[in-house]
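Text of final-v2.txt (compact mmCIF, C-alpha atoms and all ligand atoms) as supplied:
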```
# COMPACT_ATOMS: atom_id res chain seq x y z
CA MET A 6 -72.14 13.67 -95.66
CA SER A 7 -69.87 16.42 -94.30
CA PHE A 8 -69.98 17.79 -90.78
CA GLU A 9 -68.26 20.65 -88.97
CA ASN A 10 -68.37 19.49 -85.33
CA ILE A 11 -68.54 15.72 -85.56
CA ILE A 12 -66.86 12.93 -87.50
CA LEU A 13 -68.79 9.97 -88.90
CA GLU A 14 -66.76 6.99 -90.11
CA LYS A 15 -67.99 3.64 -91.32
CA THR A 16 -65.79 0.56 -91.55
CA GLY A 17 -67.85 -2.35 -92.77
CA ARG A 18 -70.63 -2.96 -90.24
CA LEU A 19 -69.06 -0.76 -87.54
CA ALA A 20 -69.68 2.99 -87.41
CA ARG A 21 -67.81 5.51 -85.29
CA VAL A 22 -69.19 8.91 -84.35
CA VAL A 23 -66.79 11.41 -82.78
CA ILE A 24 -67.88 14.65 -81.11
CA ASN A 25 -65.14 16.91 -82.40
CA ARG A 26 -64.78 20.20 -80.52
CA PRO A 27 -61.78 19.28 -78.37
CA ASP A 28 -60.81 22.91 -77.66
CA LYS A 29 -64.21 23.28 -75.94
CA LEU A 30 -64.03 19.82 -74.33
CA ASN A 31 -66.64 18.72 -76.91
CA ALA A 32 -69.32 20.99 -75.46
CA LEU A 33 -72.58 20.40 -77.26
CA ASN A 34 -73.59 23.53 -79.09
CA ILE A 35 -76.80 23.47 -81.14
CA LYS A 36 -74.96 22.77 -84.40
CA THR A 37 -73.26 19.75 -82.83
CA VAL A 38 -76.57 18.36 -81.55
CA LEU A 39 -78.15 18.86 -84.99
CA GLU A 40 -75.21 17.14 -86.68
CA LEU A 41 -75.45 14.23 -84.23
CA ILE A 42 -79.17 13.92 -85.01
CA GLU A 43 -78.33 13.86 -88.72
CA ALA A 44 -75.57 11.26 -88.28
CA PHE A 45 -77.64 8.94 -86.08
CA THR A 46 -80.65 9.26 -88.40
CA GLU A 47 -78.39 8.15 -91.26
CA LEU A 48 -77.02 5.25 -89.19
CA LYS A 49 -80.51 4.12 -88.14
CA GLY A 50 -81.53 3.79 -91.77
CA ASP A 51 -78.25 2.26 -92.91
CA ALA A 52 -78.84 -1.47 -93.35
CA GLU A 53 -75.11 -2.28 -93.21
CA THR A 54 -74.31 -0.59 -89.90
CA ALA A 55 -74.81 -3.00 -87.00
CA VAL A 56 -72.91 -1.39 -84.10
CA VAL A 57 -71.97 2.23 -83.36
CA ILE A 58 -69.21 3.67 -81.15
CA LEU A 59 -69.73 7.21 -79.84
CA GLU A 60 -66.72 9.07 -78.43
CA GLY A 61 -65.27 12.53 -77.87
CA ALA A 62 -62.18 13.88 -79.63
CA GLY A 63 -59.01 14.89 -77.80
CA GLY A 64 -58.78 12.20 -75.12
CA LYS A 65 -59.83 14.53 -72.29
CA SER A 66 -63.58 14.69 -72.66
CA PHE A 67 -66.54 12.71 -74.00
CA ALA A 68 -68.63 15.89 -73.83
CA ALA A 69 -68.56 18.57 -71.11
CA GLY A 70 -72.26 19.32 -71.49
CA ALA A 71 -74.39 21.74 -73.41
CA ASP A 72 -72.44 24.75 -74.64
CA ILE A 73 -72.85 27.16 -71.73
CA ALA A 74 -72.25 30.20 -73.96
CA GLU A 75 -75.35 29.21 -75.94
CA LEU A 76 -77.28 27.97 -72.93
CA ALA A 77 -76.85 31.37 -71.32
CA ARG A 78 -78.84 32.91 -74.19
CA GLN A 79 -81.90 30.70 -73.80
CA GLY A 80 -85.24 32.15 -72.75
CA LEU A 81 -88.54 30.49 -71.93
CA LEU A 82 -89.47 29.50 -75.48
CA ASN A 83 -86.12 28.66 -77.07
CA GLY A 84 -85.20 26.94 -73.76
CA LYS A 85 -88.00 24.50 -74.47
CA GLU A 86 -86.70 23.92 -78.00
CA PHE A 87 -83.18 23.52 -76.62
CA SER A 88 -84.34 20.72 -74.33
CA GLU A 89 -86.59 19.09 -76.95
CA ARG A 90 -83.68 18.98 -79.40
CA GLY A 91 -81.57 17.16 -76.81
CA HIS A 92 -84.42 14.74 -76.14
CA ARG A 93 -84.75 14.10 -79.87
CA LEU A 94 -81.08 13.14 -80.03
CA CYS A 95 -81.07 10.96 -76.90
CA ASN A 96 -84.30 9.18 -77.88
CA LEU A 97 -82.86 8.54 -81.35
CA ILE A 98 -79.68 7.03 -79.88
CA GLU A 99 -81.60 4.95 -77.34
CA ASN A 100 -83.98 3.62 -79.98
CA LEU A 101 -81.48 3.17 -82.79
CA GLY A 102 -82.21 -0.56 -82.93
CA LYS A 103 -78.46 -1.29 -82.92
CA PRO A 104 -76.10 -1.10 -79.96
CA VAL A 105 -74.39 2.24 -79.38
CA ILE A 106 -71.30 2.04 -77.14
CA ALA A 107 -70.26 5.24 -75.37
CA SER A 108 -66.48 5.43 -75.07
CA ILE A 109 -65.93 7.78 -72.11
CA GLY A 110 -62.31 8.86 -71.84
CA GLY A 111 -62.82 11.94 -69.65
CA PHE A 112 -65.61 14.38 -68.82
CA ALA A 113 -69.18 13.24 -69.41
CA LEU A 114 -70.99 16.10 -67.77
CA GLY A 115 -74.46 17.54 -68.18
CA GLY A 116 -75.64 16.78 -71.73
CA GLY A 117 -72.53 14.59 -72.15
CA CYS A 118 -73.63 12.36 -69.29
CA GLU A 119 -77.20 12.40 -70.64
CA ILE A 120 -76.09 11.27 -74.11
CA ALA A 121 -73.89 8.59 -72.54
CA MET A 122 -76.89 7.33 -70.54
CA ALA A 123 -78.94 7.12 -73.75
CA CYS A 124 -76.28 4.84 -75.26
CA THR A 125 -76.79 1.09 -74.97
CA LEU A 126 -73.52 0.47 -73.08
CA ARG A 127 -70.90 2.71 -71.47
CA ILE A 128 -67.21 1.88 -71.23
CA ALA A 129 -65.13 4.38 -69.28
CA SER A 130 -61.45 4.98 -68.73
CA GLU A 131 -60.10 5.47 -65.22
CA LYS A 132 -59.99 9.19 -66.01
CA ALA A 133 -63.72 9.46 -66.70
CA LYS A 134 -65.80 11.88 -64.67
CA LEU A 135 -69.58 11.75 -64.89
CA GLY A 136 -72.25 13.97 -63.47
CA GLN A 137 -75.10 16.42 -63.84
CA PRO A 138 -73.72 19.77 -62.63
CA GLU A 139 -76.63 21.85 -64.03
CA ILE A 140 -77.76 22.78 -60.49
CA ASN A 141 -74.63 24.93 -60.20
CA LEU A 142 -75.80 26.89 -63.26
CA GLY A 143 -79.26 27.43 -61.82
CA THR A 144 -80.97 24.86 -64.00
CA ILE A 145 -81.67 21.12 -64.33
CA PRO A 146 -80.68 18.41 -66.83
CA GLY A 147 -82.69 18.96 -70.02
CA TYR A 148 -81.74 16.02 -72.26
CA GLY A 149 -83.50 13.31 -70.21
CA GLY A 150 -80.95 13.14 -67.39
CA THR A 151 -83.43 13.32 -64.51
CA GLN A 152 -85.32 10.41 -66.06
CA ARG A 153 -82.56 8.15 -67.38
CA MET A 154 -80.33 8.54 -64.34
CA ALA A 155 -83.20 7.64 -61.99
CA ARG A 156 -83.78 4.48 -64.05
CA LEU A 157 -80.12 3.51 -64.44
CA ILE A 158 -78.92 3.87 -60.84
CA PRO A 159 -80.72 3.88 -57.48
CA ARG A 160 -83.21 6.76 -57.45
CA GLY A 161 -81.94 8.11 -54.14
CA VAL A 162 -78.42 8.41 -55.55
CA ALA A 163 -79.71 10.00 -58.77
CA MET A 164 -81.57 12.51 -56.61
CA GLU A 165 -78.40 13.32 -54.66
CA LEU A 166 -76.39 13.75 -57.85
CA VAL A 167 -78.81 16.14 -59.57
CA LEU A 168 -79.33 18.15 -56.36
CA THR A 169 -75.65 18.51 -55.49
CA GLY A 170 -74.08 18.41 -58.96
CA ARG A 171 -71.45 16.07 -57.49
CA VAL A 172 -69.23 14.60 -60.19
CA LEU A 173 -68.45 10.87 -59.98
CA LYS A 174 -65.08 9.33 -60.66
CA ALA A 175 -65.08 6.27 -62.90
CA GLU A 176 -64.88 3.68 -60.11
CA GLU A 177 -67.87 5.10 -58.26
CA ALA A 178 -69.82 5.31 -61.51
CA LEU A 179 -69.00 1.62 -62.03
CA SER A 180 -70.09 0.63 -58.53
CA LEU A 181 -73.45 2.34 -59.16
CA GLY A 182 -73.93 0.75 -62.58
CA LEU A 183 -73.73 4.12 -64.35
CA VAL A 184 -71.00 2.64 -66.55
CA ASN A 185 -70.58 -0.99 -67.55
CA ARG A 186 -66.81 -1.24 -67.37
CA VAL A 187 -63.76 0.81 -66.37
CA VAL A 188 -60.40 0.22 -68.02
CA PRO A 189 -56.98 1.94 -67.94
CA HIS A 190 -57.06 5.11 -70.05
CA GLU A 191 -54.66 3.81 -72.70
CA GLU A 192 -56.74 0.63 -73.11
CA LEU A 193 -60.07 2.38 -73.67
CA ASP A 194 -60.06 2.22 -77.48
CA ARG A 195 -59.12 -1.46 -77.43
CA ALA A 196 -61.77 -2.34 -74.81
CA VAL A 197 -64.48 -0.48 -76.76
CA ARG A 198 -63.44 -2.13 -80.01
CA GLU A 199 -63.46 -5.58 -78.38
CA MET A 200 -66.98 -4.99 -77.13
CA ALA A 201 -68.00 -3.77 -80.60
CA GLU A 202 -66.46 -6.86 -82.24
CA MET A 203 -68.26 -9.10 -79.80
CA LEU A 204 -71.60 -7.47 -80.61
CA LEU A 205 -70.89 -7.53 -84.36
CA ALA A 206 -70.67 -11.33 -84.12
CA LYS A 207 -74.15 -11.59 -82.59
CA PRO A 208 -77.40 -11.96 -84.56
CA PRO A 209 -78.59 -8.35 -85.18
CA PHE A 210 -82.32 -8.96 -84.84
CA ALA A 211 -81.87 -10.73 -81.50
CA LEU A 212 -79.75 -7.78 -80.31
CA LYS A 213 -82.53 -5.42 -81.34
CA ALA A 214 -85.20 -7.57 -79.70
CA ASN A 215 -83.25 -7.73 -76.43
CA MET A 216 -82.78 -3.96 -76.41
CA GLU A 217 -86.47 -3.35 -77.09
CA ALA A 218 -87.56 -5.83 -74.41
CA VAL A 219 -85.26 -4.38 -71.75
CA LEU A 220 -85.92 -0.72 -72.62
CA HIS A 221 -89.64 -0.78 -73.23
CA GLY A 222 -90.54 -3.78 -71.10
CA SER A 223 -89.25 -2.01 -68.01
CA GLU A 224 -91.48 1.01 -68.71
CA VAL A 225 -94.77 -0.92 -68.61
CA SER A 226 -96.32 -3.37 -66.14
CA PHE A 227 -94.51 -6.67 -65.56
CA GLU A 228 -97.30 -8.51 -67.38
CA GLU A 229 -97.14 -6.24 -70.40
CA GLY A 230 -93.35 -6.46 -70.39
CA CYS A 231 -93.60 -10.26 -70.47
CA ARG A 232 -96.12 -10.04 -73.34
CA LEU A 233 -93.69 -7.84 -75.26
CA GLU A 234 -90.94 -10.37 -74.56
CA THR A 235 -93.13 -13.25 -75.78
CA ASN A 236 -93.87 -11.48 -79.05
CA LEU A 237 -90.24 -10.56 -79.63
CA PHE A 238 -89.17 -14.11 -78.72
CA ALA A 239 -91.68 -15.51 -81.23
CA ILE A 240 -90.31 -13.22 -83.96
CA THR A 241 -86.75 -14.46 -83.30
CA CYS A 242 -88.09 -18.00 -83.80
CA GLY A 243 -88.93 -17.03 -87.38
CA THR A 244 -85.41 -15.85 -88.22
CA GLU A 245 -82.74 -17.78 -90.10
CA ASP A 246 -80.26 -16.65 -87.46
CA MET A 247 -82.19 -18.50 -84.76
CA LYS A 248 -82.14 -21.71 -86.85
CA GLU A 249 -78.42 -21.21 -87.48
CA GLY A 250 -77.68 -20.58 -83.78
CA MET A 251 -79.45 -23.78 -82.73
CA GLN A 252 -77.98 -25.84 -85.58
CA ALA A 253 -74.46 -24.62 -84.83
CA PHE A 254 -74.83 -25.65 -81.19
CA LEU A 255 -76.07 -29.10 -82.16
CA GLU A 256 -73.24 -29.52 -84.68
CA LYS A 257 -70.67 -28.24 -82.12
CA ARG A 258 -69.47 -25.39 -84.36
CA GLU A 259 -69.43 -21.58 -84.29
CA ALA A 260 -72.65 -20.00 -85.54
CA LYS A 261 -72.44 -17.80 -88.64
CA PHE A 262 -75.18 -15.22 -88.39
CA THR A 263 -76.34 -13.39 -91.51
CA GLY A 264 -78.90 -10.96 -90.09
CA LYS A 265 -81.80 -12.78 -91.74
N1 LIG B 301 -69.78 24.89 -72.53
C1 LIG B 301 -68.97 25.76 -73.19
N2 LIG B 301 -67.65 25.74 -73.10
C2 LIG B 301 -67.10 24.81 -72.32
C3 LIG B 301 -67.86 23.87 -71.61
C4 LIG B 301 -69.26 23.94 -71.75
N3 LIG B 301 -70.09 23.07 -71.14
N4 LIG B 301 -67.05 23.07 -70.91
C5 LIG B 301 -65.80 23.49 -71.19
N5 LIG B 301 -65.83 24.53 -72.03
C6 LIG B 301 -64.70 25.27 -72.60
C7 LIG B 301 -64.11 26.27 -71.59
O1 LIG B 301 -64.87 27.47 -71.57
C8 LIG B 301 -62.73 26.44 -72.16
O2 LIG B 301 -62.79 27.27 -73.28
P1 LIG B 301 -61.70 28.47 -73.47
O3 LIG B 301 -60.38 27.75 -73.56
O4 LIG B 301 -62.11 29.12 -74.75
O5 LIG B 301 -61.82 29.32 -72.26
C9 LIG B 301 -62.39 25.05 -72.67
O6 LIG B 301 -63.63 24.39 -72.87
C10 LIG B 301 -61.59 24.22 -71.70
O7 LIG B 301 -62.28 24.18 -70.48
P2 LIG B 301 -61.60 24.54 -69.06
O8 LIG B 301 -62.71 24.92 -68.10
O9 LIG B 301 -60.50 25.53 -69.24
O10 LIG B 301 -60.98 23.11 -68.68
P3 LIG B 301 -60.69 22.55 -67.24
O11 LIG B 301 -59.94 21.29 -67.46
O12 LIG B 301 -60.10 23.59 -66.36
O13 LIG B 301 -62.13 22.20 -66.61
C11 LIG B 301 -64.37 21.25 -66.65
C12 LIG B 301 -62.91 21.19 -67.18
C13 LIG B 301 -65.18 20.21 -67.42
C14 LIG B 301 -64.38 20.93 -65.16
C15 LIG B 301 -64.94 22.68 -66.86
O14 LIG B 301 -64.69 23.06 -68.20
C16 LIG B 301 -66.43 22.76 -66.62
O15 LIG B 301 -66.84 22.80 -65.46
N6 LIG B 301 -67.24 22.80 -67.71
C17 LIG B 301 -68.66 22.94 -67.61
C18 LIG B 301 -69.32 21.65 -67.20
C19 LIG B 301 -70.82 21.82 -67.05
O16 LIG B 301 -71.29 22.52 -66.16
N7 LIG B 301 -71.58 21.17 -67.92
C20 LIG B 301 -73.01 21.22 -67.89
C21 LIG B 301 -73.50 22.24 -68.84
S1 LIG B 301 -75.26 22.29 -68.82
```
Starting from the file, lay out its structure as structure tokens.
Amino acid sequence: MSFENIILEKTGRLARVVINRPDKLNALNIKTVLELIEAFTELKGDAETAVVILEGAGGKSFAAGADIAELARQGLLNGKEFSERGHRLCNLIENLGKPVIASIGGFALGGGCEIAMACTLRIASEKAKLGQPEINLGTIPGYGGTQRMARLIPRGVAMELVLTGRVLKAEEALSLGLVNRVVPHEELDRAVREMAEMLLAKPPFALKANMEAVLHGSEVSFEEGCRLETNLFAITCGTEDMKEGMQAFLEKREAKFTGK
């Protein structure tokens, strides 16, 4: 699979996707979004891949948003397509069924912040800057930002951020829960890799079940969420990995999960 604006690398069970337009701070033009959809579709169907890292090339930016040169050309009808395409990508990432770790080494603005919020976990460097500055361009987030941000951080703060376009530094993003962890810039790759290694050692179906329960359970009533949890819990009870996890504990040894 060859791409122009992204890089897709697989090393064993770990995949790495890099948004690769560093001269434009990894701004998301339509081709890049389509390539990301193609790459994540491939990774979703790839039985070997268990964890994905998503990052931006160049060390200065995760992604500085939708490509404003293209955005400026949108009208009523293609504007709708533009937004739907972004939703398709973010929904695909969020529902990949395997953890996607956003490695945020710089700007995660507009669509960049929206894609980061669709990832399962976000690890940022001290240089990261996150926000939804669309208001300053006369528009609003179109890749799910108004919805995901209001679910990820307090709604009143999300409201302030989309109305003012204020960009958060890493530490403030951490204090709000917008990112999971902040590390020194030069340690970002190592911190992301450590998190990936930790997740690679976990039983994949239980990871998937946890993600589904947290994501979808919080969108329905508490009772329905608990029912979803019960069903997912019961399915884990039928896996070999659950038997292995319990057996390993009882035998005082490390569990060796096989994904079955
Ligand atoms: N769309 C298109 N091009 C973008 C871009 C975007 N979202 N963000 C950055 N770029 C381009 C710049 O136009 C510039 O290209 P050029 O060298 O051909 O002129 C290049 O990336 C570098 O950006 P520059 O603005 O010179 O870097 P900076 O360090 O001075 O500022 C930002 C960085 C992120 C503050 C600034 O680029 C910015 O505000 N970008 C737009 C952010 C935004 O509003 N995103 C939401 C879009 S909906």
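If only C-alpha atoms and all ligand atoms are the atoms counted, then among A:Phe8, A:Phe87, A:Phe45, A:Phe227 the closest residue to ligand LIG 301 (chain B) is A:Phe87.
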message = Taking all atoms listed in the file into account, which residues have an atom no farther than 10 Å from ligand LIG 301 (chain B)? I'd like them as a PyMOL selection string.
response = chain A and resi 26-34+65-66+68-77+111-118+134-148+170+172
task = Select all residues near (-63.4, 8.5, -80.9) (cut-off 8 Å, inclusive, file coordinates), counting only C-alpha atoms, and output them as a PyMOL selection string.
result = chain A and resi 21-24+58-62+108+194
Atomic separation - CA of Glu249 (chain A) relative to CA of Phe262 (chain A), Å =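 Spanning CA of Phe262 (chain A) to CA of Glu249 (chain A) is a straight-line distance of 6.9 Å.
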task = Show which residues sit within 7 Å of region 187-191 of chain A, as number ranges by chain. Count all atoms listed in the file, and ignore same-chain residues fewer than 5 positions away.
result = A: 110, 128-132, 175-176, 179
